[in-house]
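Printed here is target-v9.txt (compact mmCIF, C-alpha atoms):
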```txt
# COMPACT_ATOMS: atom_id res chain seq x y z
CA MET A 214 -114.34 30.90 7.14
CA VAL A 215 -116.39 28.07 5.66
CA THR A 216 -113.53 27.14 3.38
CA SER A 217 -111.05 27.03 6.29
CA THR A 218 -113.40 24.88 8.36
CA LYS A 219 -113.93 22.52 5.44
CA PHE A 220 -110.18 22.28 4.83
CA PHE A 221 -109.59 21.54 8.51
CA TYR A 222 -112.28 18.84 8.45
CA ILE A 223 -110.81 17.20 5.33
CA SER A 224 -107.28 17.36 6.77
CA LYS A 225 -108.48 15.81 10.00
CA LYS A 226 -110.21 13.02 8.08
CA ILE A 227 -107.11 12.35 5.98
CA ALA A 228 -104.96 12.24 9.11
CA PHE A 229 -107.39 9.84 10.75
CA CYS A 230 -107.43 7.58 7.68
CA PHE A 231 -103.64 7.68 7.55
CA LEU A 232 -103.48 6.72 11.23
CA VAL A 233 -105.93 3.85 10.67
CA LEU A 234 -103.81 2.67 7.73
CA ILE A 235 -100.65 2.70 9.87
CA VAL A 236 -102.39 0.76 12.65
CA LEU A 237 -103.74 -1.72 10.12
CA ILE A 238 -100.27 -2.25 8.63
CA LEU A 239 -98.82 -2.73 12.12
CA VAL A 240 -101.50 -5.28 13.00
CA ILE A 241 -101.08 -7.22 9.73
CA ARG A 242 -97.28 -7.17 10.07
CA SER A 243 -97.46 -8.32 13.69
CA LEU A 244 -99.93 -11.09 12.86
CA TYR A 245 -97.62 -12.32 10.10
CA LEU A 246 -94.45 -12.16 12.22
CA ARG A 247 -95.91 -13.35 15.53
CA PRO A 248 -94.40 -16.53 17.04
CA ARG A 249 -96.11 -19.82 16.16
CA VAL A 250 -93.99 -22.06 18.40
CA ALA A 251 -92.27 -21.79 21.77
CA LEU A 252 -88.72 -22.62 22.81
CA ASN A 253 -88.18 -24.62 25.99
CA ARG A 254 -84.62 -23.96 27.10
CA MET A 255 -82.60 -27.01 28.07
CA ALA A 256 -79.68 -26.85 30.53
CA PRO A 257 -80.70 -23.29 31.52
CA GLY A 258 -77.73 -22.96 33.85
CA GLU A 259 -75.26 -23.57 31.03
CA THR A 260 -74.19 -21.09 28.38
CA PHE A 261 -72.63 -23.22 25.67
CA ASN A 262 -69.58 -21.86 23.87
CA LEU A 263 -70.79 -21.13 20.32
CA PRO A 264 -72.90 -24.30 19.90
CA THR A 265 -73.04 -25.61 16.33
CA HIS A 266 -75.09 -28.82 16.50
CA ILE A 267 -77.31 -30.92 18.78
CA ALA A 268 -78.01 -34.64 18.45
CA PRO A 269 -79.69 -37.17 20.76
CA PHE A 270 -77.85 -40.30 21.72
CA PRO A 271 -79.28 -43.26 19.77
CA ARG A 272 -82.51 -44.62 21.19
CA ASP A 273 -82.20 -42.29 24.18
CA ASN A 274 -84.38 -39.19 23.96
CA SER A 275 -83.28 -38.04 27.40
CA ARG A 276 -79.59 -37.54 26.57
CA PHE A 277 -78.12 -35.12 24.00
CA ALA A 278 -74.72 -34.18 22.63
CA VAL A 279 -73.99 -30.51 21.90
CA THR A 280 -71.00 -29.59 19.75
CA GLU A 281 -69.19 -26.34 20.43
CA LYS A 282 -67.34 -24.48 17.69
CA PRO A 283 -63.95 -24.31 19.50
CA GLY A 284 -63.76 -28.10 19.63
CA THR A 285 -65.64 -29.62 22.56
CA ILE A 286 -68.74 -31.79 22.79
CA LYS A 287 -70.78 -31.58 25.99
CA TRP A 288 -73.62 -33.88 26.90
CA ILE A 289 -76.80 -33.14 28.81
CA TYR A 290 -80.03 -34.73 29.92
CA LYS A 291 -83.24 -33.09 28.80
CA THR A 292 -83.82 -32.18 32.46
CA SER A 293 -80.24 -31.07 33.21
CA ARG A 294 -79.57 -27.73 34.84
CA LYS A 295 -76.05 -27.64 33.40
CA SER A 296 -73.98 -29.92 31.17
CA GLU A 297 -73.28 -33.31 32.70
CA GLY A 298 -69.82 -33.80 31.20
CA ILE A 299 -67.51 -33.48 28.21
CA LEU A 300 -67.83 -36.23 25.65
CA LEU A 301 -64.90 -34.96 23.57
CA ASP A 302 -62.31 -32.19 23.72
CA ILE A 303 -60.25 -31.70 20.56
CA SER A 304 -59.89 -27.94 20.97
CA GLN A 305 -56.11 -28.28 20.65
CA LYS A 306 -56.60 -29.66 17.13
CA VAL A 307 -59.58 -27.72 15.84
CA TYR A 308 -59.10 -24.50 13.91
CA SER A 309 -61.99 -22.24 14.87
CA GLU A 310 -60.66 -18.72 14.28
CA GLY A 311 -62.46 -18.38 10.95
CA TRP A 312 -66.13 -17.38 11.11
CA GLU A 313 -67.35 -20.69 9.68
CA GLU A 314 -64.54 -22.92 10.95
CA GLY A 315 -64.57 -25.22 13.95
CA LEU A 316 -66.20 -28.40 15.21
CA LEU A 317 -69.35 -28.43 13.10
CA SER A 318 -71.35 -31.63 13.66
CA ILE A 319 -71.66 -35.06 15.21
CA ALA A 320 -73.31 -38.27 13.98
CA PHE A 321 -73.72 -41.43 16.04
CA ASP A 322 -73.05 -44.76 14.40
CA PRO A 323 -76.20 -46.84 13.64
CA GLN A 324 -74.66 -49.57 15.82
CA PHE A 325 -73.58 -47.16 18.55
CA GLU A 326 -75.07 -49.25 21.35
CA GLU A 327 -72.75 -52.10 20.35
CA ASN A 328 -69.59 -50.28 19.17
CA SER A 329 -69.76 -46.81 20.85
CA PHE A 330 -68.61 -45.13 17.62
CA TYR A 331 -69.48 -41.58 16.68
CA TYR A 332 -68.26 -39.28 13.90
CA VAL A 333 -67.38 -35.60 13.83
CA PHE A 334 -66.67 -32.99 11.15
CA TYR A 335 -64.12 -30.32 12.02
CA SER A 336 -61.68 -27.77 10.57
CA LEU A 337 -57.88 -27.79 10.59
CA ASP A 338 -55.26 -25.17 9.77
CA ASN A 339 -51.69 -25.27 8.38
CA PRO A 340 -52.67 -26.60 5.93
CA LYS A 341 -56.37 -25.71 5.81
CA LYS A 342 -58.67 -28.69 5.47
CA SER A 343 -61.87 -30.28 6.68
CA ARG A 344 -61.68 -33.62 8.45
CA ILE A 345 -64.20 -36.35 9.16
CA SER A 346 -63.12 -38.63 12.01
CA ARG A 347 -64.48 -41.49 14.07
CA PHE A 348 -64.09 -41.63 17.86
CA THR A 349 -64.98 -44.30 20.42
CA MET A 350 -66.87 -43.30 23.56
CA ASN A 351 -65.85 -44.76 26.91
CA PRO A 352 -68.48 -46.24 29.28
CA ASP A 353 -68.32 -43.07 31.42
CA TYR A 354 -69.26 -40.83 28.47
CA THR A 355 -65.73 -39.57 27.87
CA THR A 356 -63.47 -40.15 24.88
CA ASP A 357 -59.78 -40.95 24.59
CA LEU A 358 -58.17 -38.85 21.87
CA SER A 359 -56.13 -41.89 20.86
CA SER A 360 -59.35 -43.53 19.61
CA GLU A 361 -59.53 -41.14 16.64
CA LEU A 362 -59.67 -42.79 13.24
CA VAL A 363 -59.42 -40.27 10.41
CA ILE A 364 -62.00 -41.18 7.77
CA LEU A 365 -61.52 -38.43 5.18
CA GLU A 366 -59.78 -35.09 4.72
CA ILE A 367 -60.62 -32.41 2.17
CA LYS A 368 -58.06 -29.71 1.39
CA LYS A 369 -59.35 -26.13 1.52
CA PHE A 370 -58.27 -22.90 -0.13
CA GLY A 371 -59.60 -20.52 2.51
CA ASP A 372 -61.95 -20.15 5.45
CA GLY A 373 -65.66 -20.74 4.96
CA HIS A 374 -67.84 -22.94 2.80
CA ASN A 375 -67.22 -26.18 4.65
CA GLY A 376 -70.61 -27.84 4.32
CA GLY A 377 -70.01 -29.64 7.56
CA MET A 378 -73.05 -31.86 8.14
CA LEU A 379 -72.89 -35.58 8.93
CA GLU A 380 -75.89 -37.92 8.96
CA PHE A 381 -76.47 -41.64 8.56
CA GLY A 382 -79.20 -42.74 6.18
CA LYS A 383 -81.53 -45.67 6.69
CA ASP A 384 -79.17 -47.55 4.37
CA GLN A 385 -76.51 -47.39 7.15
CA TYR A 386 -74.21 -45.27 4.96
CA LEU A 387 -72.64 -42.02 6.12
CA TYR A 388 -73.60 -38.88 4.19
CA ALA A 389 -71.62 -35.64 4.46
CA SER A 390 -71.99 -32.21 2.89
CA ILE A 391 -68.80 -30.72 1.49
CA GLY A 392 -68.72 -26.99 0.72
CA TYR A 393 -66.92 -25.57 -2.27
CA GLY A 394 -63.91 -24.80 -0.15
CA GLY A 395 -63.09 -21.12 -0.54
CA TRP A 396 -63.51 -18.06 -2.72
CA PHE A 397 -63.10 -18.34 -6.49
CA SER A 398 -63.85 -16.38 -9.61
CA LYS A 399 -66.63 -17.53 -11.91
CA GLU A 400 -64.07 -19.11 -14.24
CA GLU A 401 -62.30 -20.88 -11.38
CA MET A 402 -65.60 -22.41 -10.21
CA GLU A 403 -66.19 -24.28 -13.48
CA PHE A 404 -64.70 -27.40 -11.87
CA LEU A 405 -67.83 -27.65 -9.68
CA GLN A 406 -69.99 -28.46 -12.70
CA ALA A 407 -67.24 -30.62 -14.20
CA ARG A 408 -67.62 -32.90 -11.16
CA THR A 409 -63.90 -33.53 -10.81
CA THR A 410 -63.56 -32.95 -7.04
CA LEU A 411 -65.54 -33.41 -3.84
CA TYR A 412 -66.15 -29.66 -3.52
CA GLY A 413 -69.76 -28.56 -3.56
CA THR A 414 -71.14 -32.07 -3.07
CA VAL A 415 -72.92 -34.49 -0.81
CA ILE A 416 -70.86 -37.64 -0.44
CA ARG A 417 -71.99 -41.13 0.59
CA ILE A 418 -69.56 -43.65 2.06
CA ASP A 419 -69.61 -46.99 3.88
CA VAL A 420 -67.77 -46.83 7.21
CA ARG A 421 -69.04 -50.07 8.71
CA ASP A 422 -65.65 -51.82 8.40
CA ALA A 423 -63.49 -48.72 8.76
CA ASN A 424 -59.87 -49.26 9.73
CA THR A 425 -56.54 -47.48 9.37
CA ASP A 426 -55.73 -49.11 6.04
CA GLN A 427 -59.18 -48.60 4.54
CA PRO A 428 -61.19 -45.96 6.43
CA TYR A 429 -64.22 -46.34 4.16
CA GLU A 430 -65.58 -48.18 1.15
CA ILE A 431 -67.70 -46.93 -1.76
CA PRO A 432 -71.31 -48.20 -1.90
CA LEU A 433 -71.74 -50.03 -5.20
CA ASP A 434 -74.89 -48.11 -6.08
CA ASN A 435 -73.34 -44.64 -5.79
CA PRO A 436 -74.39 -42.74 -8.94
CA PHE A 437 -70.99 -41.93 -10.49
CA ILE A 438 -69.01 -45.01 -9.58
CA GLN A 439 -68.36 -45.83 -13.26
CA GLU A 440 -67.73 -42.25 -14.38
CA PRO A 441 -64.11 -41.38 -15.29
CA ASP A 442 -62.58 -38.35 -13.52
CA THR A 443 -65.51 -38.23 -11.06
CA PRO A 444 -64.87 -39.17 -7.42
CA ASP A 445 -66.81 -42.30 -6.53
CA GLU A 446 -67.93 -40.80 -3.21
CA ILE A 447 -70.25 -38.23 -4.81
CA TRP A 448 -73.99 -38.62 -4.22
CA ALA A 449 -75.10 -35.17 -5.47
CA TYR A 450 -73.25 -32.08 -6.69
CA GLY A 451 -73.54 -28.46 -7.86
CA LEU A 452 -74.07 -27.20 -4.30
CA ARG A 453 -72.49 -24.07 -2.85
CA ASN A 454 -72.51 -24.64 0.90
CA LEU A 455 -75.10 -27.13 2.08
CA TRP A 456 -75.40 -25.97 5.68
CA ARG A 457 -77.40 -28.80 7.20
CA PHE A 458 -79.37 -31.58 5.56
CA SER A 459 -81.63 -34.28 6.96
CA PHE A 460 -83.71 -37.29 6.04
CA ASP A 461 -87.49 -37.27 6.39
CA ARG A 462 -87.99 -40.10 8.88
CA LYS A 463 -91.32 -41.02 7.19
CA THR A 464 -90.38 -40.98 3.50
CA GLY A 465 -86.59 -41.24 3.61
CA LYS A 466 -86.27 -38.21 1.30
CA MET A 467 -83.29 -35.93 1.83
CA TYR A 468 -83.69 -32.15 2.24
CA GLY A 469 -81.06 -29.48 2.69
CA GLY A 470 -80.46 -25.75 2.91
CA ASP A 471 -77.90 -24.36 0.45
CA VAL A 472 -76.46 -20.96 1.35
CA GLY A 473 -76.54 -18.46 -1.52
CA GLU A 474 -74.05 -15.97 -2.90
CA VAL A 475 -75.89 -13.00 -4.41
CA THR A 476 -79.58 -13.50 -5.09
CA TYR A 477 -81.13 -16.63 -3.53
CA GLU A 478 -81.03 -19.00 -0.59
CA GLU A 479 -82.23 -22.50 -1.47
CA ILE A 480 -84.08 -25.44 0.03
CA ASN A 481 -83.37 -28.52 -2.06
CA LEU A 482 -84.72 -32.03 -2.31
CA ILE A 483 -81.40 -33.87 -2.63
CA LYS A 484 -81.61 -36.74 -5.11
CA LYS A 485 -79.20 -39.46 -6.12
CA GLY A 486 -76.94 -38.05 -8.84
CA GLY A 487 -78.65 -34.65 -8.74
CA ASN A 488 -76.96 -31.52 -10.12
CA TYR A 489 -78.07 -28.40 -8.19
CA GLY A 490 -76.54 -25.88 -10.55
CA TRP A 491 -73.80 -24.04 -8.70
CA ALA A 492 -71.89 -22.20 -10.05
CA LYS A 493 -73.87 -22.08 -13.31
CA MET A 494 -77.08 -21.26 -11.49
CA GLU A 495 -78.14 -19.82 -8.16
CA GLY A 496 -81.69 -20.75 -7.22
CA PRO A 497 -83.84 -20.58 -10.39
CA VAL A 498 -81.65 -18.03 -12.23
CA CYS A 499 -78.37 -18.10 -14.13
CA TYR A 500 -75.23 -17.01 -12.32
CA PRO A 501 -74.05 -14.32 -12.20
CA PRO A 502 -77.52 -12.85 -12.88
CA ASP A 503 -76.25 -9.50 -14.16
CA GLU A 504 -73.96 -11.17 -16.71
CA VAL A 505 -75.74 -14.35 -17.81
CA GLN A 506 -79.38 -14.23 -18.97
CA ASN A 507 -79.73 -17.67 -20.53
CA CYS A 508 -78.14 -20.94 -19.45
CA ASP A 509 -78.90 -24.60 -20.01
CA ARG A 510 -81.26 -25.73 -17.23
CA SER A 511 -82.00 -29.16 -18.67
CA GLU A 512 -79.65 -31.05 -16.33
CA ILE A 513 -80.36 -28.98 -13.21
CA GLU A 514 -82.53 -29.96 -10.24
CA MET A 515 -84.55 -26.88 -9.34
CA PRO A 516 -84.90 -25.96 -5.63
CA ILE A 517 -88.20 -26.56 -3.88
CA ALA A 518 -87.81 -23.11 -2.31
CA ALA A 519 -85.80 -20.15 -3.64
CA LEU A 520 -85.81 -17.28 -1.16
CA ASP A 521 -84.47 -13.91 -2.26
CA ARG A 522 -82.09 -12.02 -0.01
CA PHE A 523 -84.85 -9.81 1.39
CA ILE A 524 -86.52 -12.93 2.83
CA SER A 525 -83.46 -14.94 3.81
CA ARG A 526 -79.79 -14.06 4.18
CA SER A 527 -78.16 -17.29 5.33
CA VAL A 528 -80.28 -20.44 5.30
CA THR A 529 -79.93 -23.24 7.85
CA GLY A 530 -81.41 -26.55 6.76
CA GLY A 531 -83.74 -28.30 9.19
CA TYR A 532 -86.14 -31.26 9.33
CA VAL A 533 -89.54 -32.39 8.15
CA TYR A 534 -91.54 -32.35 11.37
CA ARG A 535 -92.86 -35.79 12.32
CA GLY A 536 -93.45 -35.30 16.04
CA LYS A 537 -96.63 -35.23 18.13
CA LYS A 538 -96.27 -32.03 20.18
CA ILE A 539 -97.26 -29.66 17.35
CA PRO A 540 -99.90 -31.49 15.26
CA TRP A 541 -100.52 -28.67 12.77
CA LEU A 542 -96.82 -28.69 11.80
CA GLU A 543 -96.87 -32.37 10.77
CA GLY A 544 -95.23 -32.93 7.39
CA LYS A 545 -93.90 -29.37 7.08
CA TYR A 546 -90.22 -28.67 6.49
CA VAL A 547 -88.87 -26.57 9.37
CA PHE A 548 -85.69 -24.59 8.74
CA GLY A 549 -83.94 -21.43 9.83
CA ASP A 550 -82.22 -18.31 8.68
CA PHE A 551 -79.21 -17.15 10.66
CA LEU A 552 -80.35 -13.52 10.66
CA ARG A 553 -84.15 -13.81 10.38
CA GLY A 554 -85.26 -16.67 12.61
CA MET A 555 -87.22 -19.88 12.04
CA MET A 556 -89.57 -20.71 9.14
CA TYR A 557 -91.43 -23.56 7.47
CA ILE A 558 -92.70 -24.57 4.04
CA SER A 559 -95.01 -27.21 2.65
CA ILE A 560 -93.32 -30.02 0.72
CA ASP A 561 -96.53 -31.41 -0.81
CA ASN A 562 -95.90 -29.93 -4.27
CA PRO A 563 -92.16 -30.17 -5.04
CA SER A 564 -92.68 -29.05 -8.67
CA GLU A 565 -93.68 -25.56 -7.51
CA ILE A 566 -90.79 -23.35 -6.38
CA ILE A 567 -91.75 -21.62 -3.13
CA SER A 568 -90.77 -17.96 -2.78
CA TYR A 569 -92.35 -17.03 0.55
CA PRO A 570 -92.00 -19.26 3.61
CA LYS A 571 -94.23 -19.04 6.65
CA ILE A 572 -92.87 -17.68 9.92
CA LEU A 573 -92.37 -19.73 13.08
CA LEU A 574 -90.14 -17.33 15.02
CA TYR A 575 -88.93 -13.96 13.75
CA LYS A 576 -85.83 -12.31 15.21
CA LEU A 577 -86.56 -13.72 18.63
CA PRO A 578 -84.82 -11.84 21.47
CA ILE A 579 -82.67 -13.58 24.06
CA HIS A 580 -84.28 -13.54 27.52
CA TYR A 581 -81.22 -14.31 29.64
CA GLY A 582 -77.55 -13.56 30.24
CA PRO A 583 -75.28 -10.70 29.20
CA LYS A 584 -76.73 -10.63 25.67
CA LYS A 585 -80.31 -10.31 26.85
CA GLY A 586 -82.43 -8.46 24.32
CA SER A 587 -80.22 -9.21 21.31
CA THR A 588 -81.50 -11.35 18.46
CA MET A 589 -80.99 -15.12 18.56
CA PHE A 590 -78.83 -16.50 15.75
CA PHE A 591 -79.93 -20.09 15.12
CA THR A 592 -77.09 -22.29 13.89
CA SER A 593 -78.51 -25.80 13.73
CA PHE A 594 -81.49 -28.07 14.34
CA GLY A 595 -81.72 -31.55 15.81
CA GLU A 596 -84.33 -34.32 15.86
CA ASP A 597 -84.99 -37.05 18.41
CA THR A 598 -86.33 -40.54 17.78
CA ASP A 599 -89.92 -39.33 18.32
CA GLY A 600 -89.56 -36.73 15.55
CA GLU A 601 -89.51 -33.78 17.96
CA LEU A 602 -87.22 -30.90 17.01
CA TYR A 603 -84.47 -29.02 18.80
CA VAL A 604 -82.41 -25.95 17.95
CA VAL A 605 -79.25 -24.20 19.13
CA ASN A 606 -78.37 -20.54 18.88
CA LEU A 607 -74.87 -19.16 18.55
CA GLN A 608 -75.18 -17.17 21.80
CA GLY A 609 -75.17 -20.39 23.81
CA GLY A 610 -78.74 -21.62 24.14
CA VAL A 611 -80.14 -25.11 23.49
CA TYR A 612 -83.91 -25.56 23.11
CA GLN A 613 -86.73 -27.96 22.38
CA ILE A 614 -89.34 -26.59 19.96
CA GLU A 615 -92.85 -26.89 21.41
CA GLU A 616 -96.43 -25.77 20.89
CA ILE A 617 -96.96 -22.18 21.98
CA GLY A 618 -99.60 -21.24 24.56
CA PHE A 619 -102.17 -18.47 24.07
CA VAL A 620 -100.53 -16.08 26.56
CA ASP A 621 -97.08 -16.42 24.98
CA ALA A 622 -98.56 -16.04 21.50
CA LEU A 623 -100.32 -12.83 22.61
CA LYS A 624 -97.12 -11.52 24.19
CA GLY A 625 -95.29 -12.30 20.98
CA PHE A 626 -97.87 -10.43 18.91
CA LEU A 627 -97.69 -7.36 21.16
CA TYR A 628 -93.89 -7.48 21.07
CA MET A 629 -93.97 -7.41 17.27
CA VAL A 630 -96.26 -4.36 17.26
CA GLY A 631 -93.42 -2.25 18.59
CA ASN A 632 -90.44 -4.20 17.26
CA PHE A 633 -89.00 -3.07 13.94
CA ARG A 634 -85.65 -4.87 13.99
```

Do you think you could lay out the structure here as structure tokens?
Amino acid sequence: MVTSTKFFYISKKIAFCFLVLIVLILVIRSLYLRPRVALNRMAPGETFNLPTHIAPFPRDNSRFAVTEKPGTIKWIYKTSRKSEGILLDISQKVYSEGWEEGLLSIAFDPQFEENSFYYVFYSLDNPKKSRISRFTMNPDYTTDLSSELVILEIKKFGDGHNGGMLEFGKDQYLYASIGYGGWFSKEEMEFLQARTTLYGTVIRIDVRDANTDQPYEIPLDNPFIQEPDTPDEIWAYGLRNLWRFSFDRKTGKMYGGDVGEVTYEEINLIKKGGNYGWAKMEGPVCYPPDEVQNCDRSEIEMPIAALDRFISRSVTGGYVYRGKKIPWLEGKYVFGDFLRGMMYISIDNPSEIISYPKILLYKLPIHYGPKKGSTMFFTSFGEDTDGELYVVNLQGGVYQIEEIGFVDALKGFLYMVGNFR
């Protein structure tokens, strides 16, 4: 009888300790994954059609352009209930059937207030290619299709891996990320390290005097302008699919998110002439990792963050936060993962490869519409002239990122206690 009572007491104690351990794990997990920022939905009466990018009009933080994957660009005010109009509709041209194909980004000309020029990156079919074009906006915020000036076209071998980002640097030159264009074997991808094409690169071109006969010029300080068999447009190379890059408005440094293949997603500091390793390396390891153990790393720029596939599945490059609304986030690089949510890292020590980012928003549920309750899939970030950040999700929402209040933070913590998605 004594033995049975003692066994029951010990079992009860073990069960209690096990329960405490489970509660402790839940609390720690929920504290780690709780939301650190809030999303203020813009144009709440509008569900955008697969939005891919958001950008403010130059020197106008009240007005934004939102690109939609099928080929339209709508514009809104920050206080709009719904979209105010259609800036551009090229849906009859754009090929958007492929998962990664469509109208992917917009960049306003540095002299937009004088010339009304803006640039877009979109996909075409038959034959497959990516196109960068310039359009001219009318005074009523519409665009005549006849104003299109094709700047550059890149042939593709299949859907996916477009790159697709456009951004002007402080030097007034247009930068664009070009993906590696399709699916290849390891042997077929050797041309990426040979630097003989625009695939897997960031390019830098001068479009200030663009015209039909000469749509762009090559800046004289581009890094490979004297190299035989290397396209003069290349600024950096050895990238797989740089899905969004940006310039730190304080330092001018360029950061981007490079989508991985097997083992790692990367955040890179993009340097002039830099080689980022693909397809010889993926993140800090040789590629493919199960076949190649040692490779020459001497010419490779290592990522500032290499996130294994448990942490990140499809990285979306963001911005270094330089706004005023979230003081504690100042100087941190904010980025996303299509399946996981929103994260940030410190960029103070670029020589140390970061493996674990910090969470801003983890698998945030949608609070509206027919897809209410499903996870948001963030596709792109934007930044206004004050350094404040914006984000779009594929299900049709457009948001400003703001400081989170105590009540919302508590709700987010409690939500994570019972959420195991």

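Using only C-alpha atoms, the residues found no farther than 7 Å from A:Lys295, other than those of its own chain fewer than 5 positions away, are Ala256, Pro257, Gly258 and Glu259 of chain A.
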
Nearest candidate to A:Pro516 (options A:Glu478, A:Leu337, A:Tyr532, A:Asp503; using all atoms listed in the file):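 The closest residue to A:Pro516 is A:Glu478.
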
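Take the candidates A:Asn253, A:Ser593, A:Asn435, A:Thr464 and check each one against A:Thr280 using all atoms listed in the file; the shortest distance goes to A:Ser593.
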
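When all atoms listed in the file are used to measure the gap to A:Ser564, the shortest distance among A:Gly544, A:Pro323, A:Met515, A:Val528 belongs to A:Met515.
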
Pick from A:Leu362, A:Leu602, A:Val533, A:Leu623, whichever lies nearest to A:Gln427 using all atoms listed in the file: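 For A:Gln427, the nearest of the given residues is A:Leu362.
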
Please define a box with edges along x, y and z of the file around all atoms of stretch 604-610 of chain A given in the file, extend it by 5 Å on each side, and return its centre and edge lengths in Å to one decimal, as AutoDock Vina command-line options.
```
--center_x -78.6 --center_y -21.6 --center_z 21.0 --size_x 17.5 --size_y 18.8 --size_z 16.2
```

Spatial neighbours of A:Thr265, 8 Å, all atoms listed in the file, chain gap at least 2 places, as a PyMOL selection string: chain A and resi 263+267+279-282+316-318+592-593+605-607

Selected residue of minimal separation from A:Ser459 among A:Asn339, A:Ser275, A:Gln385, A:Ser390, counting only C-alpha atoms: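 Looking only at the distances to A:Ser459, the closest residue turns out to be A:Ser390.
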
Test item: which residues lie within 6 Å of (-83.6, -22.8, 8.5) counting only C-alpha atoms, as JSON, numbers by chain: {"A": [528, 529, 530, 531, 548, 549, 550, 555]}

Kindly save the residues from that selection, with C-alpha atoms included, as a PDB file, keeping the file's coordinate frame.
```pdb
ATOM      1  CA  VAL A 528     -80.280 -20.440   5.300  1.00  0.00           C
ATOM      2  CA  THR A 529     -79.930 -23.240   7.850  1.00  0.00           C
ATOM      3  CA  GLY A 530     -81.410 -26.550   6.760  1.00  0.00           C
ATOM      4  CA  GLY A 531     -83.740 -28.300   9.190  1.00  0.00           C
ATOM      5  CA  PHE A 548     -85.690 -24.590   8.740  1.00  0.00           C
ATOM      6  CA  GLY A 549     -83.940 -21.430   9.830  1.00  0.00           C
ATOM      7  CA  ASP A 550     -82.220 -18.310   8.680  1.00  0.00           C
ATOM      8  CA  MET A 555     -87.220 -19.880  12.040  1.00  0.00           C
TER       9      MET A 555
END
```

For A:Pro497, the nearest of the candidates A:Arg510, A:Arg247, A:Lys287, A:His580, counting only C-alpha atoms: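 Closest to A:Pro497 of all the choices is A:Arg510.
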
Long-range neighbours of A:Gly610 as a PyMOL selection string, 10 Å cut-off, only C-alpha atoms, 6 positions minimum in chain: chain A and resi 254-264+579+581+589-591+604

I'd like a table as CSV: residues in stretch 269-370 of chain A with an atom no more than 9 Å from stretch 375-384 of chain A, each row giving the shortest atom pair and its distance in Å to one decimal, all atoms listed in the file counted, sorted by chain and rising residue number.
```
residue,atom,partner,partner_atom,distance
A:Glu313,CA,A:Asn375,CA,7.4
A:Glu314,CA,A:Asn375,CA,7.6
A:Leu316,CA,A:Gly377,CA,8.6
A:Leu317,CA,A:Gly377,CA,5.7
A:Ser318,CA,A:Met378,CA,5.8
A:Ile319,CA,A:Leu379,CA,6.4
A:Ala320,CA,A:Glu380,CA,5.7
A:Phe321,CA,A:Phe381,CA,8.0
A:Asp322,CA,A:Phe381,CA,7.5
A:Pro323,CA,A:Phe381,CA,7.3
A:Tyr332,CA,A:Leu379,CA,7.7
A:Val333,CA,A:Leu379,CA,7.4
A:Phe334,CA,A:Gly377,CA,5.9
A:Tyr335,CA,A:Gly377,CA,7.4
A:Ser336,CA,A:Asn375,CA,8.3
A:Lys342,CA,A:Asn375,CA,8.9
A:Ser343,CA,A:Asn375,CA,7.0
A:Ile345,CA,A:Leu379,CA,8.7
A:Lys369,CA,A:Asn375,CA,8.5
```

Would you save the residues of that selection, restricted to C-alpha atoms, as a CSV table (one decimal), in the frame of the given file?
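Resulting contents of part.csv:
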```csv
chain,number,residue,atom,x,y,z
A,313,GLU,CA,-67.4,-20.7,9.7
A,314,GLU,CA,-64.5,-22.9,11.0
A,316,LEU,CA,-66.2,-28.4,15.2
A,317,LEU,CA,-69.4,-28.4,13.1
A,318,SER,CA,-71.4,-31.6,13.7
A,319,ILE,CA,-71.7,-35.1,15.2
A,320,ALA,CA,-73.3,-38.3,14.0
A,321,PHE,CA,-73.7,-41.4,16.0
A,322,ASP,CA,-73.0,-44.8,14.4
A,323,PRO,CA,-76.2,-46.8,13.6
A,332,TYR,CA,-68.3,-39.3,13.9
A,333,VAL,CA,-67.4,-35.6,13.8
A,334,PHE,CA,-66.7,-33.0,11.2
A,335,TYR,CA,-64.1,-30.3,12.0
A,336,SER,CA,-61.7,-27.8,10.6
A,342,LYS,CA,-58.7,-28.7,5.5
A,343,SER,CA,-61.9,-30.3,6.7
A,345,ILE,CA,-64.2,-36.4,9.2
A,369,LYS,CA,-59.4,-26.1,1.5
```

Test item: residues at most 8 Å from stretch 440-445 of chain A, all atoms listed in the file, excluding those fewer than 4 positions along its chain, as JSON, numbers by chain: {"A": [408, 409, 410, 411, 431, 435, 436]}

File dump, residues just selected, C-alpha atoms, as an mmCIF file, keeping the file's coordinate frame:
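In the end it all went to part.cif:
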```
data_model
loop_
_atom_site.group_PDB
_atom_site.id
_atom_site.type_symbol
_atom_site.label_atom_id
_atom_site.label_comp_id
_atom_site.auth_asym_id
_atom_site.auth_seq_id
_atom_site.Cartn_x
_atom_site.Cartn_y
_atom_site.Cartn_z
ATOM 1 C CA ARG A 408 -67.620 -32.900 -11.160
ATOM 2 C CA THR A 409 -63.900 -33.530 -10.810
ATOM 3 C CA THR A 410 -63.560 -32.950 -7.040
ATOM 4 C CA LEU A 411 -65.540 -33.410 -3.840
ATOM 5 C CA ILE A 431 -67.700 -46.930 -1.760
ATOM 6 C CA ASN A 435 -73.340 -44.640 -5.790
ATOM 7 C CA PRO A 436 -74.390 -42.740 -8.940
#
```

Radius query 8 Å about (-71.4, -45.9, -3.3), atoms used: only C-alpha atoms, as number ranges by chain: A: 417-419, 430-436, 438, 445-448

Computed interatomic separation between atom CA of A:Asn488 and atom CA of A:Leu455 (Å): 13.1 Å

Atomic separation - atom CA of A:Gly631 relative to atom CA of A:Leu244, Å: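 Between atom CA of A:Leu244 and atom CA of A:Gly631 the gap is 12.4 Å.
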